[in-house]
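As provided, run_13.cif (mmCIF, C-alpha atoms) reads as follows.
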```
data_query
#
loop_
_atom_site.label_atom_id
_atom_site.label_comp_id
_atom_site.auth_asym_id
_atom_site.auth_seq_id
_atom_site.Cartn_x
_atom_site.Cartn_y
_atom_site.Cartn_z
CA LEU A 7 85.30 72.26 105.70
CA ALA A 8 83.71 68.96 106.75
CA PRO A 9 86.45 66.82 105.12
CA ALA A 10 89.16 68.99 106.71
CA LYS A 11 87.58 68.63 110.14
CA ALA A 12 87.34 64.85 109.68
CA GLU A 13 91.01 64.71 108.68
CA LEU A 14 91.96 66.72 111.76
CA ALA A 15 90.01 64.35 113.99
CA SER A 16 91.80 61.31 112.55
CA HIS A 17 95.40 62.56 112.82
CA THR A 18 97.87 62.82 115.65
CA PRO A 19 99.60 65.15 116.02
CA ARG A 20 97.15 67.66 114.68
CA VAL A 21 98.30 70.59 112.57
CA ALA A 22 96.05 72.75 110.42
CA SER A 23 96.95 75.15 107.63
CA TRP A 24 94.38 77.57 106.22
CA GLY A 25 94.48 80.02 103.34
CA GLY A 26 91.64 81.66 101.50
CA GLY A 27 89.74 84.70 100.37
CA GLY A 28 92.06 85.36 97.45
CA ASN A 29 89.84 83.80 94.79
CA ASP A 30 86.82 85.86 95.88
CA LEU A 31 88.91 88.99 95.76
CA ILE A 32 90.60 88.27 92.44
CA ASN A 33 87.25 87.40 90.84
CA PHE A 34 86.00 90.89 91.69
CA ILE A 35 89.22 92.58 90.60
CA LEU A 36 89.11 90.83 87.22
CA SER A 37 85.38 91.51 86.75
CA PRO A 38 83.87 94.40 84.78
CA GLN A 39 82.72 95.93 88.10
CA ASN A 40 86.30 96.97 88.87
CA ARG A 41 86.30 99.61 86.12
CA THR A 42 85.03 102.32 88.45
CA CYS A 43 87.93 101.59 90.82
CA SER A 44 90.49 102.70 88.28
CA ARG A 45 88.83 106.11 88.29
CA GLY A 46 89.08 106.39 92.08
CA ASN A 47 85.34 105.89 92.51
CA ALA A 48 84.41 105.61 96.19
CA SER A 49 81.51 103.25 95.40
CA CYS A 50 83.97 100.71 94.01
CA LEU A 51 86.04 100.77 97.17
CA ALA A 52 82.82 100.46 99.17
CA ARG A 53 82.05 97.28 97.18
CA VAL A 54 85.57 96.00 97.86
CA ASN A 55 85.09 96.74 101.55
CA ALA A 56 81.72 94.95 101.57
CA LEU A 57 83.33 91.94 99.89
CA LEU A 58 86.13 91.99 102.47
CA ASN A 59 83.55 92.13 105.27
CA GLU A 60 81.83 89.07 103.81
CA ILE A 61 85.12 87.20 103.43
CA GLU A 62 86.05 88.12 107.01
CA GLN A 63 82.82 86.66 108.38
CA THR A 64 83.35 83.42 106.46
CA VAL A 65 86.97 83.13 107.55
CA ASP A 66 86.03 83.80 111.18
CA ARG A 67 83.47 80.99 111.14
CA THR A 68 85.85 78.65 109.33
CA LEU A 69 88.77 79.31 111.67
CA ARG A 70 86.51 78.88 114.71
CA GLU A 71 85.48 75.44 113.41
CA VAL A 72 89.04 74.49 112.46
CA ARG A 73 90.30 75.54 115.90
CA GLN A 74 87.57 73.48 117.59
CA ALA A 75 88.36 70.42 115.44
CA ALA A 76 92.11 70.76 115.93
CA GLY A 77 91.92 71.38 119.65
CA SER A 78 93.37 74.22 121.68
CA SER A 79 96.95 72.94 121.69
CA ALA A 80 97.28 72.09 117.98
CA PRO A 81 99.16 74.51 115.76
CA VAL A 82 96.90 76.26 113.29
CA TYR A 83 98.48 78.35 110.52
CA VAL A 84 96.75 81.10 108.58
CA ARG A 85 98.36 82.15 105.31
CA THR A 86 97.95 85.71 104.11
CA GLN A 87 97.37 86.30 100.42
CA TYR A 88 99.89 87.49 97.86
CA ASN A 89 99.17 89.46 94.70
CA PRO A 90 99.57 87.30 91.57
CA LEU A 91 98.72 90.30 89.40
CA GLN A 92 102.16 91.76 90.13
CA THR A 93 103.84 89.08 88.03
CA SER A 94 105.02 89.77 84.51
CA CYS A 95 103.98 86.23 83.63
CA ALA A 96 104.27 85.63 79.90
CA SER A 97 101.02 83.67 79.68
CA ALA A 98 99.00 86.29 81.57
CA PRO A 99 96.16 87.89 79.60
CA PRO A 100 97.15 91.36 78.31
CA PHE A 101 94.67 93.13 80.60
CA LEU A 102 96.67 91.96 83.63
CA ALA A 103 99.58 94.12 82.46
CA GLY A 104 101.88 93.03 85.29
CA PRO A 105 103.77 95.11 87.83
CA GLY A 106 102.34 98.56 88.39
CA SER A 107 99.19 97.93 86.35
CA PRO A 108 95.90 99.40 87.63
CA LEU A 109 94.55 95.92 88.38
CA ALA A 110 97.70 94.94 90.28
CA ALA A 111 97.44 98.21 92.22
CA LEU A 112 93.79 97.54 93.06
CA ALA A 113 94.75 94.08 94.34
CA ASP A 114 97.46 95.62 96.54
CA ILE A 115 94.93 98.07 97.94
CA ALA A 116 92.47 95.26 98.69
CA LEU A 117 95.14 93.03 100.23
CA GLU A 118 97.10 95.51 102.33
CA ALA A 119 95.03 98.73 102.19
CA THR A 120 97.99 100.49 100.58
CA PRO A 121 97.27 103.57 98.50
CA ALA A 122 98.22 103.42 94.84
CA HIS A 123 97.41 105.32 91.65
CA GLY A 124 95.64 108.02 93.67
CA LEU A 125 93.06 105.63 95.10
CA LYS A 126 92.11 106.06 98.72
CA LEU A 127 93.00 103.17 100.89
CA LEU A 128 90.57 100.93 102.67
CA GLN A 129 90.50 100.90 106.45
CA ARG A 130 91.62 97.27 106.58
CA GLY A 131 92.77 95.07 103.74
CA LEU A 132 92.21 91.33 103.49
CA ASN A 133 95.59 90.47 104.99
CA THR A 134 95.07 92.73 108.01
CA ARG A 135 91.77 90.98 108.59
CA LEU A 136 93.43 87.57 108.24
CA ARG A 137 96.12 88.54 110.75
CA GLU A 138 93.47 89.74 113.21
CA LEU A 139 91.43 86.56 112.79
CA ALA A 140 94.53 84.43 113.27
CA ALA A 141 95.17 86.21 116.58
CA ARG A 142 91.53 85.78 117.61
CA HIS A 143 91.71 82.02 116.98
CA ASP A 144 95.19 81.52 118.43
CA ALA A 145 96.73 80.74 115.05
CA LEU A 146 100.15 81.47 113.63
CA VAL A 147 100.48 83.68 110.55
CA ILE A 148 102.36 82.67 107.43
CA ASP A 149 102.79 86.11 105.92
CA THR A 150 103.30 85.62 102.18
CA TYR A 151 102.52 89.11 100.93
CA VAL A 152 105.93 90.79 101.16
CA PRO A 153 108.14 87.96 99.83
CA PHE A 154 105.80 87.41 96.88
CA ARG A 155 105.50 91.18 96.32
CA LEU A 156 109.28 91.54 96.18
CA THR A 157 109.89 88.67 93.71
CA PRO A 158 106.60 87.59 92.13
CA ASP A 159 108.18 86.27 88.95
CA ALA A 160 110.49 84.00 90.95
CA LEU A 161 107.73 82.57 93.17
CA ILE A 162 104.61 82.34 90.97
CA GLY A 163 104.24 79.48 88.49
CA ASP A 164 103.47 79.31 84.81
CA ASP A 165 99.73 79.56 85.45
CA CYS A 166 100.37 83.15 86.67
CA VAL A 167 98.47 82.53 89.91
CA HIS A 168 99.79 79.69 92.06
CA PRO A 169 103.20 79.30 93.68
CA ASN A 170 105.87 77.38 91.81
CA ASP A 171 108.26 75.03 93.65
CA LEU A 172 110.32 77.94 94.98
CA GLY A 173 107.09 79.68 96.02
CA HIS A 174 105.98 76.61 97.99
CA THR A 175 109.42 76.35 99.57
CA THR A 176 109.16 80.01 100.54
CA ILE A 177 105.77 79.42 102.16
CA PHE A 178 107.21 76.46 104.06
CA GLU A 179 110.14 78.57 105.28
CA LEU A 180 107.74 81.32 106.35
CA ALA A 181 105.73 78.72 108.28
CA LYS A 182 108.88 77.60 110.07
CA MET A 183 109.66 81.22 110.92
CA ALA A 184 106.12 81.70 112.28
CA THR A 185 106.69 78.67 114.51
CA GLY A 186 110.08 79.95 115.62
CA LEU A 187 112.04 77.08 114.07
#
```
structure tokens encoding of this file:
Amino acid sequence: LAPAKAELASHTPRVASWGGGGNDLINFILSPQNRTCSRGNASCLARVNALLNEIEQTVDRTLREVRQAAGSSAPVYVRTQYNPLQTSCASAPPFLAGPGSPLAALADIALEATPAHGLKLLQRGLNTRLRELAARHDALVIDTYVPFRLTPDALIGDDCVHPNDLGHTTIFELAKMATGL
């Protein structure tokens, strides 16, 4: 955060782009602790919710500091998270299983609080929290979830996680739409 704030202070015009929380979430989803989630265990979803609460607090603090460093008139963009586990990426480990897999479903639940595979939904997924925090800190939202959900194989690169060139172009186009360009 300190290097980002220093960069903001040294640039004119100032524009900030923020995205995060996905790695913390995916680390839990890919951990052995997720096994109870696939059985619809309420304690698992409680752990997901606790993790989301922790991420939300960190994002709130970070966005507050970014907004202060950027200034009240600078555009600040917050990018929601997409679900890389929905890809049928050839180099993905077999346990990822691709579209419709239990792990991909759990990630969708955690991101958007959508019910899947009989699991109860959370009150607020990560992306809802990110949208709320963006509004609180007067930031624009680059909403990546739906475009990446609709065509994950076209937008996610060979590493099965990060956007490919078309994915980055899509994010850029979504940013322009958020700005009204």
Give me, please, the distance in Å between atom CA of Thr134 of chain A and atom CA of Pro38 of chain A, quoted to one decimal.
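Answer for the atom CA of Thr134 of chain A to atom CA of Pro38 of chain A separation: 25.8 Å.
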I need the residue nearest Ala52 of chain A from this list: A:Tyr88, A:Arg135, A:Asp165, A:Gln39. Use only C-alpha atoms for the distance.
A:Gln39
Would you mind listing what lies within 10 Å of Asp114 of chain A as a VMD selection string, with all atoms listed in the file counted and same-chain residues fewer than 5 positions away left out?
chain A and resid 88 to 92 106 108 to 109 119 to 122 127 131 to 132 151 155
Please save C-alpha atoms of the selected residues as a short mmCIF file (atom, residue, chain, number, x, y, z; two decimals), keeping the file's coordinate frame.
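again.cif was written with the following content:
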```
data_model
loop_
_atom_site.label_atom_id
_atom_site.label_comp_id
_atom_site.auth_asym_id
_atom_site.auth_seq_id
_atom_site.Cartn_x
_atom_site.Cartn_y
_atom_site.Cartn_z
CA TYR A 88 99.89 87.49 97.86
CA ASN A 89 99.17 89.46 94.70
CA PRO A 90 99.57 87.30 91.57
CA LEU A 91 98.72 90.30 89.40
CA GLN A 92 102.16 91.76 90.13
CA GLY A 106 102.34 98.56 88.39
CA PRO A 108 95.90 99.40 87.63
CA LEU A 109 94.55 95.92 88.38
CA ALA A 119 95.03 98.73 102.19
CA THR A 120 97.99 100.49 100.58
CA PRO A 121 97.27 103.57 98.50
CA ALA A 122 98.22 103.42 94.84
CA LEU A 127 93.00 103.17 100.89
CA GLY A 131 92.77 95.07 103.74
CA LEU A 132 92.21 91.33 103.49
CA TYR A 151 102.52 89.11 100.93
CA ARG A 155 105.50 91.18 96.32
#
```
Could you tell me which of A:Ala15, A:Ile148, A:Cys50, A:Ile162 comes closest to Val82 of chain A if we count only C-alpha atoms?
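Distance minimum relative to Val82 of chain A lands on A:Ile148.
Taking atom CA of Ala76 of chain A and atom CA of Ala181 of chain A as the two end points, the separation is 17.5 Å.
As for atom CA of Ala8 of chain A and atom CA of Gln74 of chain A, they are spaced 12.4 Å apart.
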Would you please work out which residue, of A:Ala141, A:Ala111, A:Gly173, A:Ala75, is nearest to Ser16 of chain A when using only C-alpha atoms?
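Going through A:Ala141, A:Ala111, A:Gly173, A:Ala75 one by one, the smallest distance to Ser16 of chain A is for A:Ala75.
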Excluding Ala145 of chain A and any residue of its chain fewer than 6 positions from it, enumerate the residues within 12 Å of it, using only C-alpha atoms, and give them as a PyMOL selection string.
chain A and resi 21-25+66+69-70+72-74+76-85+136-139+181+184-185
Emit the selected residues as a short mmCIF file (atom, residue, chain, number, x, y, z; two decimals), in the coordinates of the input, including C-alpha atoms.
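Listed below is the output, result-v8.cif:
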```
data_model
loop_
_atom_site.label_atom_id
_atom_site.label_comp_id
_atom_site.auth_asym_id
_atom_site.auth_seq_id
_atom_site.Cartn_x
_atom_site.Cartn_y
_atom_site.Cartn_z
CA VAL A 21 98.30 70.59 112.57
CA ALA A 22 96.05 72.75 110.42
CA SER A 23 96.95 75.15 107.63
CA TRP A 24 94.38 77.57 106.22
CA GLY A 25 94.48 80.02 103.34
CA ASP A 66 86.03 83.80 111.18
CA LEU A 69 88.77 79.31 111.67
CA ARG A 70 86.51 78.88 114.71
CA VAL A 72 89.04 74.49 112.46
CA ARG A 73 90.30 75.54 115.90
CA GLN A 74 87.57 73.48 117.59
CA ALA A 76 92.11 70.76 115.93
CA GLY A 77 91.92 71.38 119.65
CA SER A 78 93.37 74.22 121.68
CA SER A 79 96.95 72.94 121.69
CA ALA A 80 97.28 72.09 117.98
CA PRO A 81 99.16 74.51 115.76
CA VAL A 82 96.90 76.26 113.29
CA TYR A 83 98.48 78.35 110.52
CA VAL A 84 96.75 81.10 108.58
CA ARG A 85 98.36 82.15 105.31
CA LEU A 136 93.43 87.57 108.24
CA ARG A 137 96.12 88.54 110.75
CA GLU A 138 93.47 89.74 113.21
CA LEU A 139 91.43 86.56 112.79
CA ALA A 181 105.73 78.72 108.28
CA ALA A 184 106.12 81.70 112.28
CA THR A 185 106.69 78.67 114.51
#
```
Between A:Leu161, A:Leu7, A:Ala12, A:Val54, which has the minimum distance to Gln129 of chain A (counting all atoms listed in the file)?
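Checking each candidate against Gln129 of chain A, we get A:Val54 as the closest.
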